[in-house]
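Presented below is the structure to which this report refers.
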Amino acid sequence: MFQQNAQILWNEKVGPSYYRIGLDCRYGYTHAKPGQFVMVRISGGIDPLLRRPFSIHKPIVRNDRIVGVELLYKVIGQGTRILSGLQQGGHVDVLGPLGSAFLLPENAHRIYIVAGGIGVAPLVFLASHLVQSGIDPADCVVFLGGRTRDDLLCIDDFNNLHLAVHPSTDDGSAGDQCLVTVPVEFAVADDQPDMIYACGPEEMLKCVVAIARARSIPCQLSIETRMACGMGACLGCAVAAADMPGRYYHACLDGPVFDSQAIRLRE
Ligand code: FES
């Protein structure tokens, strides 16, 4: 894990409230893995004082070496609003790579990826890693959900990897008008995968876990939670352990990627 002053290579709007920022991280990212995250200090002043966590959306590769990271983010508060106004050539303080990564079990062939809204951020890196690891793109299906069509992100990224994408929206403005977990349930019944990966709102994750559990399908979740330090010091990112009442994991140290059977999502 490294702390560095990273130059902003680009900071582009990709939707009404979504941006992609490229950061030149000169050292420490050679072995960054999908699922890991960075903590970004957005301003040098006291507002906002705390760093913000962002999943690594894509590695920036030059001469076969990871030399930076791209983050996909949604403007939802003061910190991300300031971030969205930063210009190419500026700098932010970046700590990372942090946390656990998605694991690819041996003998997994058929893979389902379930993303809700900005939860898609770490899953593009995962998808490209799966394809590079030898998963046949024809065996990997992405279920993408959002409130409206504006919340369906990264379809082109998945299509460029030749993965099938099933979009759905709450208001029917794109794809099927339903929760993203509805087509997942049909697909699982029709053609059971060897692994489900998911990231998104907690209600969505609970539903995905129930679908996986009903058929004993391995499932890994990337948990989106508040993080103040990213290093196990503030205890602000507690996730309940499934099998030990009163025991908690740190999402920043033990996660953010967890086996779905290891944790208990909030009721
Ligand atoms: Fe501080 Fe996890 S973010 S302990």
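Residues are referred to by chain and number: the chain letter is A, B, ... according to the order shown in the structure tokens, the number counts from 1 in that chain, and ligands are numbered separately from 1 in the order shown.
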
Strand (DSSP E) residues, from DSSP on the backbone, in range 82-221 of chain A, as a PyMOL selection string: chain A and resi 91-98+111-116+140-146+164-169+176-177+195-199+219-221

Mind listing the residues within 6 Å of ligand 1, only C-alpha atoms and all ligand atoms counted, as a PyMOL selection string? chain A and resi 227-237+250-252

Since we have the selection now, will you write its residues out, keeping C-alpha atoms, as a compact mmCIF listing (two decimals), in the first residue's frame?
# COMPACT_ATOMS: atom_id res chain seq x y z
CA MET A 227 -14.92 4.17 5.21
CA ALA A 228 -13.03 6.88 7.00
CA CYS A 229 -9.50 5.50 7.17
CA GLY A 230 -9.30 2.41 4.91
CA MET A 231 -6.73 0.82 7.21
CA GLY A 232 -8.62 -0.75 10.11
CA ALA A 233 -8.17 2.18 12.48
CA CYS A 234 -11.57 3.87 12.73
CA LEU A 235 -13.90 0.84 13.06
CA GLY A 236 -16.37 2.62 10.83
CA CYS A 237 -16.74 -0.12 8.24
CA HIS A 250 -13.53 -4.65 8.68
CA ALA A 251 -14.76 -4.01 5.17
CA CYS A 252 -11.51 -2.12 4.49

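Take the candidates A:Ile135, A:Leu163, A:Cys25, A:Leu86 and check each one against Glu106 in chain A using only C-alpha atoms; the shortest distance goes to A:Ile135.
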
How many Å separate CA of Ile217 in chain A from CA of Val165 in chain A?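 Separating CA of Ile217 in chain A from CA of Val165 in chain A is a distance of 20.4 Å.
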
Wanna dump the range 38-78 of chain A-range 126-131 of chain A contacts at 10 Å for me, each residue with its shortest atom pair and the distance in Å to one decimal, counting only C-alpha atoms, ordered by chain and number, as CSV?
residue,atom,partner,partner_atom,distance
A:Ile56,CA,A:Leu126,CA,9.8
A:His57,CA,A:Leu126,CA,8.8
A:Lys58,CA,A:Leu126,CA,8.8

Any idea what's packed within 7 Å of Ala164 in chain A, counting only C-alpha atoms, ignoring anything in its chain fewer than 2 positions away? Could you give it as number ranges by chain? A: 141-142, 159, 162, 166

Write out the residues from the selection above, keeping C-alpha atoms, as a short mmCIF file (atom, residue, chain, number, x, y, z; two decimals), in the first residue's frame.
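Output file out03.cif follows:
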data_model
loop_
_atom_site.label_atom_id
_atom_site.label_comp_id
_atom_site.auth_asym_id
_atom_site.auth_seq_id
_atom_site.Cartn_x
_atom_site.Cartn_y
_atom_site.Cartn_z
CA VAL A 141 -23.14 -12.81 -18.47
CA VAL A 142 -23.58 -9.35 -16.96
CA ASN A 159 -19.59 -5.41 -25.01
CA HIS A 162 -17.78 -9.69 -25.85
CA HIS A 166 -28.91 -7.84 -19.61
#

So that I can check the surroundings of Thr80 in chain A, please list as a PyMOL selection string every protein, DNA and RNA residue that reaches within 12 Å of it, counting only C-alpha atoms and ignoring chain neighbours fewer than 2 positions away. chain A and resi 11+17-21+40-43+47-48+50-54+71-78+82-86

Using the selection just defined, write its residues with C-alpha atoms as a PDB file, in the first residue's frame.
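Now in part.pdb:
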ATOM      1  CA  ASN A  11     -11.716  13.644 -15.375  1.00  0.00           C
ATOM      2  CA  SER A  17     -23.910  12.586 -12.369  1.00  0.00           C
ATOM      3  CA  TYR A  18     -21.186  10.081 -13.231  1.00  0.00           C
ATOM      4  CA  TYR A  19     -17.509  10.690 -13.958  1.00  0.00           C
ATOM      5  CA  ARG A  20     -14.376   8.757 -14.793  1.00  0.00           C
ATOM      6  CA  ILE A  21     -11.085  10.014 -13.440  1.00  0.00           C
ATOM      7  CA  VAL A  40      -8.571   9.565  -2.158  1.00  0.00           C
ATOM      8  CA  ARG A  41      -8.010  12.807  -0.287  1.00  0.00           C
ATOM      9  CA  ILE A  42      -9.959  15.194  -2.422  1.00  0.00           C
ATOM     10  CA  SER A  43      -8.968  18.522  -0.965  1.00  0.00           C
ATOM     11  CA  ASP A  47     -13.472  20.225   3.961  1.00  0.00           C
ATOM     12  CA  PRO A  48     -13.774  17.419   3.225  1.00  0.00           C
ATOM     13  CA  LEU A  50     -11.543  12.551   5.292  1.00  0.00           C
ATOM     14  CA  ARG A  51     -10.475  10.439   2.383  1.00  0.00           C
ATOM     15  CA  ARG A  52     -13.133   8.773   0.241  1.00  0.00           C
ATOM     16  CA  PRO A  53     -13.027   5.134  -0.907  1.00  0.00           C
ATOM     17  CA  PHE A  54     -13.291   4.316  -4.604  1.00  0.00           C
ATOM     18  CA  LEU A  71     -12.053   5.398 -10.965  1.00  0.00           C
ATOM     19  CA  LEU A  72     -15.733   5.595 -11.846  1.00  0.00           C
ATOM     20  CA  TYR A  73     -17.719   7.715  -9.428  1.00  0.00           C
ATOM     21  CA  LYS A  74     -21.100   9.258  -8.847  1.00  0.00           C
ATOM     22  CA  VAL A  75     -21.489  12.777  -7.501  1.00  0.00           C
ATOM     23  CA  ILE A  76     -23.415  12.258  -4.289  1.00  0.00           C
ATOM     24  CA  GLY A  77     -21.984  14.772  -1.823  1.00  0.00           C
ATOM     25  CA  GLN A  78     -19.497  17.503  -1.146  1.00  0.00           C
ATOM     26  CA  ILE A  82     -15.316  18.833  -5.558  1.00  0.00           C
ATOM     27  CA  LEU A  83     -13.679  15.847  -7.252  1.00  0.00           C
ATOM     28  CA  SER A  84     -15.853  16.334 -10.345  1.00  0.00           C
ATOM     29  CA  GLY A  85     -14.542  19.894 -10.689  1.00  0.00           C
ATOM     30  CA  LEU A  86     -10.856  18.971 -10.635  1.00  0.00           C
TER      31      LEU A  86
END

List as a PDB file with C-alpha atoms, in the first residue's frame the protein and nucleic acid residues near range 203-209 of chain A, meaning an atom at most 8 Å away when only C-alpha atoms are counted, but skip any in the same chain fewer than 2 places from it.
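Full text of around-v7.pdb as output:
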ATOM      1  CA  GLY A 116     -26.557  -2.270  -9.375  1.00  0.00           C
ATOM      2  CA  VAL A 180     -31.945  -6.548 -11.767  1.00  0.00           C
ATOM      3  CA  THR A 181     -32.350  -9.690  -9.679  1.00  0.00           C
ATOM      4  CA  ALA A 198     -22.124  -8.894  -7.288  1.00  0.00           C
ATOM      5  CA  CYS A 199     -21.765  -5.275  -6.217  1.00  0.00           C
ATOM      6  CA  GLY A 200     -24.533  -2.785  -5.600  1.00  0.00           C
ATOM      7  CA  PRO A 201     -27.118  -1.672  -3.055  1.00  0.00           C
ATOM      8  CA  ILE A 211     -30.670 -16.792  -5.085  1.00  0.00           C
ATOM      9  CA  ALA A 212     -27.144 -18.200  -4.763  1.00  0.00           C
ATOM     10  CA  ARG A 213     -27.826 -19.865  -1.429  1.00  0.00           C
ATOM     11  CA  CYS A 219     -21.042 -16.066  -4.581  1.00  0.00           C
ATOM     12  CA  LEU A 221     -19.848  -9.684  -2.947  1.00  0.00           C
ATOM     13  CA  SER A 260     -21.340 -14.329   0.646  1.00  0.00           C
ATOM     14  CA  LEU A 265     -25.979  -8.309   5.621  1.00  0.00           C
TER      15      LEU A 265
END

Could you check which of A:Asp254, A:Asp157, A:Asp190, A:Asp171 is closest to Leu123 in chain A, using only C-alpha atoms? A:Asp157

DSSP says helix (DSSP H, G or I) for which residues of range 4-229 of chain A? Put them as a ChimeraX atom specification? /A:78-84,117-120,123-132,137-139,149-151,155-160,181-190,202-214
